[in-house]
Amino acid sequence: MDREPSERADVCVIGAGPAGALIASQLASDGQKVVVLEAGPRFDKSKREQQMEAAIRPGDHGSVWEMGGDRDAFSANGERHYPLNISRVKGVGGSTLHWQGMVMRLHPSDFDGSHDTDDPAWPISYDDLRPYYADAERALGVAGDADNPFTPPRDGAYPLPGFPPSYSDSLFAEACERLGITMHSVPNARNSEPYDDRGPCVGYGTCQPVCPSGAKYDASVHIEDAEAEGTRLIDRAPVQRLETDDDGRVEAAVYATPDGTEHRQTAREFVIAAGGVETPRLLLLSASDDHPDGLANSSGLVGHYFMDHLFAGAGGTLDRETRQNHVGFLTSECHQFYDDPGQAVERVADGETIVGPTAEALSPLKLEFLNYAGPSPVELALSGEEWGDTLLSSLRESYGNSIAMGGLVGQPPRKENRVTLDTSTTDDHGNPVPDIQWSWGDRLERSLSRANEIQHAVLSELGVDISWTVGPADTGPAYHHMGTTRMGTDPQASVVDPQLRTHDVANLSIASSSVFVTAGSMNPTLTIAALALKCADHVSERL
């Protein structure tokens, strides 16, 4: 493959995940000459069934998306260990290659800081992003229903009809109705019917880490659209640094090819769309005599305010069939406790308080009704040592009666949580690796406990024999990297402005969850997509 730089480019986009792909597609359709530089490979879609089969086999078979080794080395020297590589895919499509596919809008309260916390407001409102949310839903092909009474205001229906509730959702519904808890559907970026030249979901159930059918959206869709409009994509081309000219504008992205050769891609505008970890890392690696603390870092905040969502969950077994692992994604959830996480839970019939109210500051809570609790029959069969009728008997005893709830809790922005460079460890090109310094805080732990209380109430009402709980003592991240180049109007307190352009460098924009000011508790990809489309509009206006 020719990995020489293009002689002329209007825009150089760094990263071929959802943000970079959408920007490239939109700018190319506007007539701009776009070059996309992607650190990882272009994966062969014809091999996805083999990837799926490899992923569900027991044993250490490595990453089906080729993550690991010196290229992807990292450090985690904070108070809490952060298992970064579990969450990443470097390649065309980025994290959408292995995501679950849930796409929700943040609430107005996330933007305006009206949660009962000290979280700051964003410099843009929900209404500013509202039209871009609608465009993002169309671009990704979101399937959803208008049955969520807690969702923000929207204009028009989802592009596709939602998926019906699963069998286990119907079991949860009985208990939730008795407790006055409202269930509703989950918007998913997967086709419920043919859309955008892709077929509907056929139920492989392996959404994480592989959708073999292509029904679940991944960003290679928009890379292909961009290429059809003339965009050039160079894969296996990790950007080493950005170089600036005498006017302080980015002049070139210096990238390396597999043979170690460095090239300089020039352009009029540059957009970094490399996620919440590699984006600040690249800016810090771009330190120079003119930018001794890193590029776009006059505020000193590049890398700071790293955030994630934390998982809360509980589950066990029920004395009846639950049909888990028939559906590989969520079909029902509950946003009732999002803007009011301290509200009480009472049994409707007699008014008995099951979970008392609290006035303590809590993060928003998003509750989920899982469809993949307990072991899958494939996992049990492949990992067991039995055969024939004995194996069948064991499968019947071990599979089919598990049930569980999950949920996400947003992490408050803390300046000490950051991505920096570990100069003691280098990648395959000799660059310092990213170091994630991560801690939690009391509010997050209170919020996790609150989520567990509500989950236990629902499970107990259903009659579940609760055997496990994931909460403050043993939780982990949802792998949603946010906040390391935050957005704001004050150049001393933020890295990018409301147009997603860096305060310090006039022709450098950032389209990523790294610009999030707060985390909310909704899966971030739809907001990433909406911000990317907003960014593309502003870049197009400047060209």
# chains A, B, ... in the order shown; residues from 1 in each chain; ligands from 1
call {"tool": "closest_atom_pairs", "arguments": {"of": "stretch 45-161 of chain A", "to": "stretch 182-205 of chain A", "cutoff": "7 Å", "atoms": "only C-alpha atoms", "output": "Markdown table"}}
result
| residue | atom | partner | partner_atom | distance |
| --- | --- | --- | --- | --- |
| A:Gly101 | CA | A:Ala189 | CA | 5.1 |
| A:Met102 | CA | A:Asn188 | CA | 4.6 |
| A:Val103 | CA | A:Asn188 | CA | 5.6 |
| A:Met104 | CA | A:Pro187 | CA | 6.5 |
| A:Leu140 | CA | A:Ala189 | CA | 5.9 |
| A:Gly141 | CA | A:Ala189 | CA | 5.7 |
| A:Val142 | CA | A:Ala189 | CA | 4.4 |
| A:Ala143 | CA | A:Asn188 | CA | 5.3 |
| A:Gly144 | CA | A:Pro187 | CA | 4.3 |
| A:Asp145 | CA | A:Ser185 | CA | 6.6 |
| A:Asp147 | CA | A:His184 | CA | 5.9 |
| A:Asn148 | CA | A:His184 | CA | 5.4 |
| A:Leu160 | CA | A:Ser192 | CA | 6.6 |
| A:Pro161 | CA | A:Ser192 | CA | 6.5 |
call {"tool": "write_last_selection", "arguments": {"atoms": "all heavy atoms", "output": "compact mmCIF listing (two decimals), in the first residue's frame"}}
result
# COMPACT_ATOMS: atom_id res chain seq x y z
N GLY A 101 -23.11 -1.05 21.51
CA GLY A 101 -23.99 -0.39 20.56
C GLY A 101 -25.13 0.41 21.16
O GLY A 101 -26.05 0.79 20.43
N MET A 102 -25.09 0.70 22.47
CA MET A 102 -26.17 1.50 23.08
C MET A 102 -25.88 2.99 22.84
O MET A 102 -24.75 3.44 23.01
CB MET A 102 -26.27 1.22 24.58
CG MET A 102 -26.74 -0.17 24.88
SD MET A 102 -27.02 -0.42 26.65
CE MET A 102 -25.35 -0.41 27.26
N VAL A 103 -26.92 3.73 22.46
CA VAL A 103 -26.72 5.14 22.10
C VAL A 103 -27.84 5.99 22.71
O VAL A 103 -28.98 5.96 22.27
CB VAL A 103 -26.69 5.32 20.57
CG1 VAL A 103 -25.32 5.01 20.02
CG2 VAL A 103 -27.72 4.44 19.86
N MET A 104 -27.48 6.72 23.77
CA MET A 104 -28.44 7.60 24.43
C MET A 104 -27.92 9.03 24.39
O MET A 104 -26.71 9.27 24.34
CB MET A 104 -28.64 7.23 25.90
CG MET A 104 -29.00 5.79 26.15
SD MET A 104 -27.51 4.77 26.30
CE MET A 104 -28.29 3.23 26.77
N LEU A 140 -25.89 6.82 12.31
CA LEU A 140 -25.58 5.53 12.90
C LEU A 140 -26.68 4.50 12.68
O LEU A 140 -26.45 3.31 12.87
CB LEU A 140 -25.32 5.68 14.41
CG LEU A 140 -23.89 6.03 14.84
CD1 LEU A 140 -23.39 7.32 14.21
CD2 LEU A 140 -23.80 6.14 16.36
N GLY A 141 -27.87 4.96 12.32
CA GLY A 141 -28.99 4.04 12.13
C GLY A 141 -29.51 3.54 13.46
O GLY A 141 -29.49 2.33 13.73
N VAL A 142 -30.01 4.44 14.30
CA VAL A 142 -30.43 4.07 15.65
C VAL A 142 -31.85 3.51 15.63
O VAL A 142 -32.77 4.09 15.06
CB VAL A 142 -30.35 5.28 16.60
CG1 VAL A 142 -30.88 4.91 17.99
CG2 VAL A 142 -28.91 5.77 16.71
N ALA A 143 -32.00 2.37 16.29
CA ALA A 143 -33.32 1.74 16.46
C ALA A 143 -33.82 2.05 17.86
O ALA A 143 -33.13 1.78 18.84
CB ALA A 143 -33.21 0.23 16.27
N GLY A 144 -35.01 2.63 17.96
CA GLY A 144 -35.53 3.00 19.27
C GLY A 144 -37.01 3.27 19.23
O GLY A 144 -37.60 3.46 18.15
N ASP A 145 -37.62 3.31 20.41
CA ASP A 145 -39.05 3.61 20.54
C ASP A 145 -39.24 4.81 21.47
O ASP A 145 -38.41 5.08 22.34
CB ASP A 145 -39.80 2.41 21.12
CG ASP A 145 -39.86 1.24 20.13
OD1 ASP A 145 -40.06 1.50 18.93
OD2 ASP A 145 -39.68 0.09 20.57
N ASP A 147 -40.83 5.43 24.17
CA ASP A 147 -41.52 4.97 25.38
C ASP A 147 -40.80 5.36 26.67
O ASP A 147 -41.17 4.92 27.74
CB ASP A 147 -41.68 3.44 25.33
CG ASP A 147 -40.35 2.71 25.35
OD1 ASP A 147 -39.32 3.32 24.97
OD2 ASP A 147 -40.32 1.53 25.74
N ASN A 148 -39.77 6.21 26.56
CA ASN A 148 -38.99 6.60 27.73
C ASN A 148 -39.48 7.94 28.25
O ASN A 148 -39.22 8.98 27.63
CB ASN A 148 -37.51 6.67 27.35
CG ASN A 148 -36.61 7.04 28.53
OD1 ASN A 148 -37.08 7.37 29.62
ND2 ASN A 148 -35.31 7.00 28.32
N LEU A 160 -35.11 3.93 13.03
CA LEU A 160 -35.58 2.55 12.92
C LEU A 160 -36.43 2.21 14.12
O LEU A 160 -36.23 2.76 15.21
CB LEU A 160 -34.38 1.59 12.86
CG LEU A 160 -33.46 1.70 11.64
CD1 LEU A 160 -32.21 0.86 11.85
CD2 LEU A 160 -34.19 1.27 10.39
N PRO A 161 -37.37 1.28 13.97
CA PRO A 161 -38.15 0.86 15.14
C PRO A 161 -37.27 0.14 16.15
O PRO A 161 -36.28 -0.51 15.79
CB PRO A 161 -39.21 -0.08 14.55
CG PRO A 161 -38.63 -0.53 13.24
CD PRO A 161 -37.80 0.61 12.74
call {"tool": "select_by_dssp", "arguments": {"residues": "stretch 351-385 of chain A", "states": "helix (DSSP H, G or I)", "output": "ChimeraX atom specification"}}
result
/A:377-383
call {"tool": "write_last_selection", "arguments": {"atoms": "C-alpha atoms", "output": "PDB file, in the first residue's frame"}}
result
ATOM      1  CA  PRO A 377     -24.098 -22.886  26.825  1.00  0.00           C
ATOM      2  CA  VAL A 378     -21.248 -22.542  24.316  1.00  0.00           C
ATOM      3  CA  GLU A 379     -18.853 -21.498  27.067  1.00  0.00           C
ATOM      4  CA  LEU A 380     -19.977 -24.358  29.304  1.00  0.00           C
ATOM      5  CA  ALA A 381     -19.717 -26.940  26.554  1.00  0.00           C
ATOM      6  CA  LEU A 382     -16.304 -25.852  25.323  1.00  0.00           C
ATOM      7  CA  SER A 383     -14.768 -25.508  28.771  1.00  0.00           C
TER       8      SER A 383
END
call {"tool": "atom_distance", "arguments": {"atom1": "atom CA of A:Pro165", "atom2": "atom CA of A:Ala404"}}
result
15.2 Å
call {"tool": "closest_residue", "arguments": {"among": "A:Leu318, A:Cys211, A:Ala349, A:Val89", "to": "A:Ile403", "atoms": "only C-alpha atoms"}}
result
A:Leu318
call {"tool": "closest_atom_pairs", "arguments": {"of": "stretch 394-498 of chain A", "to": "stretch 70-76 of chain A", "cutoff": "10 Å", "atoms": "only C-alpha atoms", "output": "tab-separated table"}}
result
residue	atom	partner	partner_atom	distance
A:Val419	CA	A:Ala76	CA	9.2
A:Thr420	CA	A:Ser75	CA	9.5
A:Leu421	CA	A:Ser75	CA	8.7
A:Asp422	CA	A:Ser75	CA	6.9
A:Ser424	CA	A:Ser75	CA	9.6
A:Thr425	CA	A:Phe74	CA	7.9
A:Thr426	CA	A:Ala73	CA	7.5
A:Asp427	CA	A:Asp70	CA	4.9
A:Asp428	CA	A:Asp70	CA	5.1
A:His429	CA	A:Arg71	CA	7.8
A:Gly430	CA	A:Asp70	CA	9.5
A:Asn431	CA	A:Arg71	CA	9.8
A:Pro432	CA	A:Phe74	CA	8.7
A:Val433	CA	A:Phe74	CA	5.1
A:Pro434	CA	A:Phe74	CA	5.2
A:Asp435	CA	A:Ser75	CA	4.4
A:Ile436	CA	A:Ala76	CA	4.7
A:Gln437	CA	A:Ala76	CA	6.0
A:Trp438	CA	A:Ala76	CA	7.8
call {"tool": "residues_around", "arguments": {"residues": "stretch 231-237 of chain A", "least_positions_apart": "2", "cutoff": "10 Å", "atoms": "only C-alpha atoms", "output": "ChimeraX atom specification"}}
result
/A:1-6,9,11-16,24-25,27-29,31-42,90-92,223-229,239-240,254-258,260-263
call {"tool": "residues_around", "arguments": {"residues": "A:Val64", "least_positions_apart": "3", "cutoff": "12 Å", "atoms": "only C-alpha atoms", "output": "PyMOL selection string"}}
result
chain A and resi 43-44+47-57+60-61+67-68+86+88-91+97-98+208-210
call {"tool": "write_last_selection", "arguments": {"atoms": "N, CA and C atoms", "output": "JSON list (two decimals), in the first residue's frame"}}
result
[["chain", "number", "residue", "atom", "x", "y", "z"],
["A", 43, "PHE", "N", -9.29, -3.80, 8.96],
["A", 43, "PHE", "CA", -9.62, -5.20, 9.19],
["A", 43, "PHE", "C", -10.46, -5.75, 8.03],
["A", 44, "ASP", "N", -10.26, -7.02, 7.76],
["A", 44, "ASP", "CA", -10.97, -7.72, 6.70],
["A", 44, "ASP", "C", -12.34, -8.18, 7.23],
["A", 47, "LYS", "N", -13.53, -11.87, 7.57],
["A", 47, "LYS", "CA", -12.99, -12.75, 8.62],
["A", 47, "LYS", "C", -13.73, -12.62, 9.95],
["A", 48, "ARG", "N", -14.83, -11.90, 9.97],
["A", 48, "ARG", "CA", -15.48, -11.64, 11.25],
["A", 48, "ARG", "C", -16.14, -12.88, 11.86],
["A", 49, "GLU", "N", -16.59, -13.80, 11.03],
["A", 49, "GLU", "CA", -17.13, -15.03, 11.62],
["A", 49, "GLU", "C", -16.03, -15.82, 12.33],
["A", 50, "GLN", "N", -14.83, -15.85, 11.73],
["A", 50, "GLN", "CA", -13.72, -16.52, 12.39],
["A", 50, "GLN", "C", -13.32, -15.80, 13.67],
["A", 51, "GLN", "N", -13.37, -14.47, 13.65],
["A", 51, "GLN", "CA", -13.07, -13.71, 14.86],
["A", 51, "GLN", "C", -14.08, -14.03, 15.95],
["A", 52, "MET", "N", -15.36, -14.11, 15.58],
["A", 52, "MET", "CA", -16.40, -14.44, 16.55],
["A", 52, "MET", "C", -16.14, -15.81, 17.16],
["A", 53, "GLU", "N", -15.83, -16.78, 16.32],
["A", 53, "GLU", "CA", -15.59, -18.13, 16.82],
["A", 53, "GLU", "C", -14.39, -18.16, 17.76],
["A", 54, "ALA", "N", -13.35, -17.42, 17.42],
["A", 54, "ALA", "CA", -12.17, -17.36, 18.29],
["A", 54, "ALA", "C", -12.51, -16.72, 19.62],
["A", 55, "ALA", "N", -13.35, -15.69, 19.59],
["A", 55, "ALA", "CA", -13.66, -14.95, 20.81],
["A", 55, "ALA", "C", -14.45, -15.78, 21.81],
["A", 56, "ILE", "N", -15.32, -16.67, 21.33],
["A", 56, "ILE", "CA", -16.17, -17.41, 22.27],
["A", 56, "ILE", "C", -15.52, -18.71, 22.75],
["A", 57, "ARG", "N", -14.38, -19.06, 22.18],
["A", 57, "ARG", "CA", -13.69, -20.25, 22.67],
["A", 57, "ARG", "C", -12.96, -19.95, 23.97],
["A", 60, "ASP", "N", -6.84, -18.44, 26.59],
["A", 60, "ASP", "CA", -6.21, -17.17, 26.27],
["A", 60, "ASP", "C", -5.81, -17.18, 24.81],
["A", 61, "HIS", "N", -6.71, -16.64, 23.96],
["A", 61, "HIS", "CA", -6.44, -16.61, 22.52],
["A", 61, "HIS", "C", -6.00, -15.22, 22.06],
["A", 67, "MET", "N", -4.95, -6.15, 19.60],
["A", 67, "MET", "CA", -4.42, -5.22, 20.59],
["A", 67, "MET", "C", -3.34, -5.91, 21.42],
["A", 68, "GLY", "N", -2.31, -5.13, 21.79],
["A", 68, "GLY", "CA", -1.27, -5.65, 22.66],
["A", 68, "GLY", "C", 0.11, -5.43, 22.09],
["A", 86, "ILE", "N", -8.12, -3.36, 27.49],
["A", 86, "ILE", "CA", -9.38, -4.10, 27.36],
["A", 86, "ILE", "C", -10.37, -3.29, 26.53],
["A", 88, "ARG", "N", -9.71, -0.81, 24.14],
["A", 88, "ARG", "CA", -9.30, -0.13, 22.92],
["A", 88, "ARG", "C", -9.28, -1.07, 21.72],
["A", 89, "VAL", "N", -9.54, -0.48, 20.57],
["A", 89, "VAL", "CA", -9.23, -1.11, 19.30],
["A", 89, "VAL", "C", -8.52, -0.05, 18.45],
["A", 90, "LYS", "N", -7.31, -0.35, 18.02],
["A", 90, "LYS", "CA", -6.64, 0.53, 17.07],
["A", 90, "LYS", "C", -6.83, -0.06, 15.69],
["A", 91, "GLY", "N", -7.54, 0.65, 14.85],
["A", 91, "GLY", "CA", -7.84, 0.18, 13.51],
["A", 91, "GLY", "C", -9.02, 0.93, 12.95],
["A", 97, "LEU", "N", -15.84, -1.22, 16.75],
["A", 97, "LEU", "CA", -15.71, -2.59, 16.29],
["A", 97, "LEU", "C", -16.12, -3.59, 17.36],
["A", 98, "HIS", "N", -15.97, -3.19, 18.65],
["A", 98, "HIS", "CA", -16.29, -4.15, 19.71],
["A", 98, "HIS", "C", -17.22, -3.58, 20.77],
["A", 208, "GLN", "N", -20.30, -8.02, 21.63],
["A", 208, "GLN", "CA", -18.98, -7.74, 22.16],
["A", 208, "GLN", "C", -18.22, -9.05, 22.22],
["A", 209, "PRO", "N", -17.15, -9.26, 21.45],
["A", 209, "PRO", "CA", -16.42, -8.25, 20.70],
["A", 209, "PRO", "C", -16.65, -8.23, 19.20],
["A", 210, "VAL", "N", -17.56, -9.03, 18.64],
["A", 210, "VAL", "CA", -17.66, -9.10, 17.19],
["A", 210, "VAL", "C", -19.12, -9.19, 16.75]]
call {"tool": "residues_around", "arguments": {"residues": "A:Leu179", "least_positions_apart": "2", "cutoff": "9 Å", "atoms": "only C-alpha atoms", "output": "PyMOL selection string"}}
result
chain A and resi 174-177+181-182+345-349+354+457-458+461
call {"tool": "decode", "arguments": {"residues": "stretch 328-351 of chain A", "atoms": "N, CA, C and O atoms", "output": "PDB file, in the first residue's frame"}}
result
ATOM      1  N   GLY A 328     -27.676 -10.648  22.681  1.00  0.00           N
ATOM      2  CA  GLY A 328     -26.353 -10.167  23.065  1.00  0.00           C
ATOM      3  C   GLY A 328     -26.285  -8.704  23.415  1.00  0.00           C
ATOM      4  O   GLY A 328     -25.188  -8.148  23.549  1.00  0.00           O
ATOM      5  N   PHE A 329     -27.437  -8.041  23.552  1.00  0.00           N
ATOM      6  CA  PHE A 329     -27.439  -6.608  23.872  1.00  0.00           C
ATOM      7  C   PHE A 329     -28.652  -6.304  24.736  1.00  0.00           C
ATOM      8  O   PHE A 329     -29.539  -7.148  24.914  1.00  0.00           O
ATOM      9  N   LEU A 330     -28.698  -5.093  25.276  1.00  0.00           N
ATOM     10  CA  LEU A 330     -29.793  -4.708  26.168  1.00  0.00           C
ATOM     11  C   LEU A 330     -31.008  -4.271  25.362  1.00  0.00           C
ATOM     12  O   LEU A 330     -30.887  -3.576  24.353  1.00  0.00           O
ATOM     13  N   THR A 331     -32.167  -4.643  25.856  1.00  0.00           N
ATOM     14  CA  THR A 331     -33.423  -4.221  25.237  1.00  0.00           C
ATOM     15  C   THR A 331     -34.272  -3.364  26.173  1.00  0.00           C
ATOM     16  O   THR A 331     -35.219  -2.720  25.718  1.00  0.00           O
ATOM     17  N   SER A 332     -33.957  -3.361  27.487  1.00  0.00           N
ATOM     18  CA  SER A 332     -34.698  -2.519  28.433  1.00  0.00           C
ATOM     19  C   SER A 332     -33.760  -1.944  29.482  1.00  0.00           C
ATOM     20  O   SER A 332     -32.754  -2.564  29.847  1.00  0.00           O
ATOM     21  N   GLU A 333     -34.095  -0.776  29.961  1.00  0.00           N
ATOM     22  CA  GLU A 333     -33.330  -0.113  31.019  1.00  0.00           C
ATOM     23  C   GLU A 333     -34.252   0.820  31.794  1.00  0.00           C
ATOM     24  O   GLU A 333     -35.470   0.832  31.596  1.00  0.00           O
ATOM     25  N   CYS A 334     -33.662   1.642  32.671  1.00  0.00           N
ATOM     26  CA  CYS A 334     -34.448   2.572  33.483  1.00  0.00           C
ATOM     27  C   CYS A 334     -33.635   3.828  33.740  1.00  0.00           C
ATOM     28  O   CYS A 334     -32.546   3.761  34.306  1.00  0.00           O
ATOM     29  N   HIS A 335     -34.189   4.974  33.308  1.00  0.00           N
ATOM     30  CA  HIS A 335     -33.560   6.277  33.554  1.00  0.00           C
ATOM     31  C   HIS A 335     -34.285   7.058  34.654  1.00  0.00           C
ATOM     32  O   HIS A 335     -34.057   8.252  34.816  1.00  0.00           O
ATOM     33  N   GLN A 336     -35.151   6.392  35.390  1.00  0.00           N
ATOM     34  CA  GLN A 336     -35.954   7.071  36.407  1.00  0.00           C
ATOM     35  C   GLN A 336     -35.091   7.745  37.473  1.00  0.00           C
ATOM     36  O   GLN A 336     -35.486   8.764  38.041  1.00  0.00           O
ATOM     37  N   PHE A 337     -33.918   7.175  37.738  1.00  0.00           N
ATOM     38  CA  PHE A 337     -33.060   7.693  38.811  1.00  0.00           C
ATOM     39  C   PHE A 337     -31.911   8.529  38.258  1.00  0.00           C
ATOM     40  O   PHE A 337     -30.934   8.778  38.956  1.00  0.00           O
ATOM     41  N   TYR A 338     -32.047   8.958  37.021  1.00  0.00           N
ATOM     42  CA  TYR A 338     -30.964   9.723  36.406  1.00  0.00           C
ATOM     43  C   TYR A 338     -30.881  11.138  36.968  1.00  0.00           C
ATOM     44  O   TYR A 338     -29.846  11.558  37.467  1.00  0.00           O
ATOM     45  N   ASP A 339     -31.976  11.866  36.882  1.00  0.00           N
ATOM     46  CA  ASP A 339     -31.977  13.237  37.387  1.00  0.00           C
ATOM     47  C   ASP A 339     -32.387  13.326  38.851  1.00  0.00           C
ATOM     48  O   ASP A 339     -32.284  14.392  39.454  1.00  0.00           O
ATOM     49  N   ASP A 340     -32.831  12.236  39.423  1.00  0.00           N
ATOM     50  CA  ASP A 340     -33.225  12.219  40.835  1.00  0.00           C
ATOM     51  C   ASP A 340     -32.777  10.902  41.468  1.00  0.00           C
ATOM     52  O   ASP A 340     -33.594  10.056  41.837  1.00  0.00           O
ATOM     53  N   PRO A 341     -31.464  10.717  41.617  1.00  0.00           N
ATOM     54  CA  PRO A 341     -30.970   9.429  42.133  1.00  0.00           C
ATOM     55  C   PRO A 341     -31.283   9.191  43.596  1.00  0.00           C
ATOM     56  O   PRO A 341     -31.193   8.046  44.067  1.00  0.00           O
ATOM     57  N   GLY A 342     -31.672  10.237  44.326  1.00  0.00           N
ATOM     58  CA  GLY A 342     -31.945  10.073  45.752  1.00  0.00           C
ATOM     59  C   GLY A 342     -33.384   9.764  46.087  1.00  0.00           C
ATOM     60  O   GLY A 342     -33.739   9.656  47.265  1.00  0.00           O
ATOM     61  N   GLN A 343     -34.240   9.565  45.087  1.00  0.00           N
ATOM     62  CA  GLN A 343     -35.664   9.318  45.358  1.00  0.00           C
ATOM     63  C   GLN A 343     -35.865   7.942  45.991  1.00  0.00           C
ATOM     64  O   GLN A 343     -35.080   7.017  45.794  1.00  0.00           O
ATOM     65  N   ALA A 344     -36.916   7.820  46.757  1.00  0.00           N
ATOM     66  CA  ALA A 344     -37.220   6.578  47.450  1.00  0.00           C
ATOM     67  C   ALA A 344     -37.838   5.566  46.488  1.00  0.00           C
ATOM     68  O   ALA A 344     -38.385   5.920  45.441  1.00  0.00           O
ATOM     69  N   VAL A 345     -37.746   4.300  46.874  1.00  0.00           N
ATOM     70  CA  VAL A 345     -38.439   3.218  46.178  1.00  0.00           C
ATOM     71  C   VAL A 345     -39.447   2.639  47.160  1.00  0.00           C
ATOM     72  O   VAL A 345     -39.083   2.193  48.254  1.00  0.00           O
ATOM     73  N   GLU A 346     -40.720   2.657  46.783  1.00  0.00           N
ATOM     74  CA  GLU A 346     -41.786   2.163  47.658  1.00  0.00           C
ATOM     75  C   GLU A 346     -42.626   1.130  46.924  1.00  0.00           C
ATOM     76  O   GLU A 346     -42.854   1.244  45.712  1.00  0.00           O
ATOM     77  N   ARG A 347     -43.088   0.131  47.644  1.00  0.00           N
ATOM     78  CA  ARG A 347     -43.977  -0.849  47.058  1.00  0.00           C
ATOM     79  C   ARG A 347     -45.345  -0.207  46.837  1.00  0.00           C
ATOM     80  O   ARG A 347     -45.930   0.377  47.747  1.00  0.00           O
ATOM     81  N   VAL A 348     -45.841  -0.295  45.642  1.00  0.00           N
ATOM     82  CA  VAL A 348     -47.059   0.422  45.263  1.00  0.00           C
ATOM     83  C   VAL A 348     -48.260  -0.042  46.079  1.00  0.00           C
ATOM     84  O   VAL A 348     -49.081   0.769  46.527  1.00  0.00           O
ATOM     85  N   ALA A 349     -48.368  -1.322  46.334  1.00  0.00           N
ATOM     86  CA  ALA A 349     -49.577  -1.869  46.968  1.00  0.00           C
ATOM     87  C   ALA A 349     -49.777  -1.361  48.382  1.00  0.00           C
ATOM     88  O   ALA A 349     -50.902  -1.025  48.781  1.00  0.00           O
ATOM     89  N   ASP A 350     -48.698  -1.279  49.158  1.00  0.00           N
ATOM     90  CA  ASP A 350     -48.859  -0.923  50.566  1.00  0.00           C
ATOM     91  C   ASP A 350     -48.061   0.304  50.995  1.00  0.00           C
ATOM     92  O   ASP A 350     -48.099   0.698  52.161  1.00  0.00           O
ATOM     93  N   GLY A 351     -47.331   0.923  50.085  1.00  0.00           N
ATOM     94  CA  GLY A 351     -46.564   2.112  50.406  1.00  0.00           C
ATOM     95  C   GLY A 351     -45.333   1.860  51.254  1.00  0.00           C
ATOM     96  O   GLY A 351     -44.707   2.805  51.736  1.00  0.00           O
TER      97      GLY A 351
END
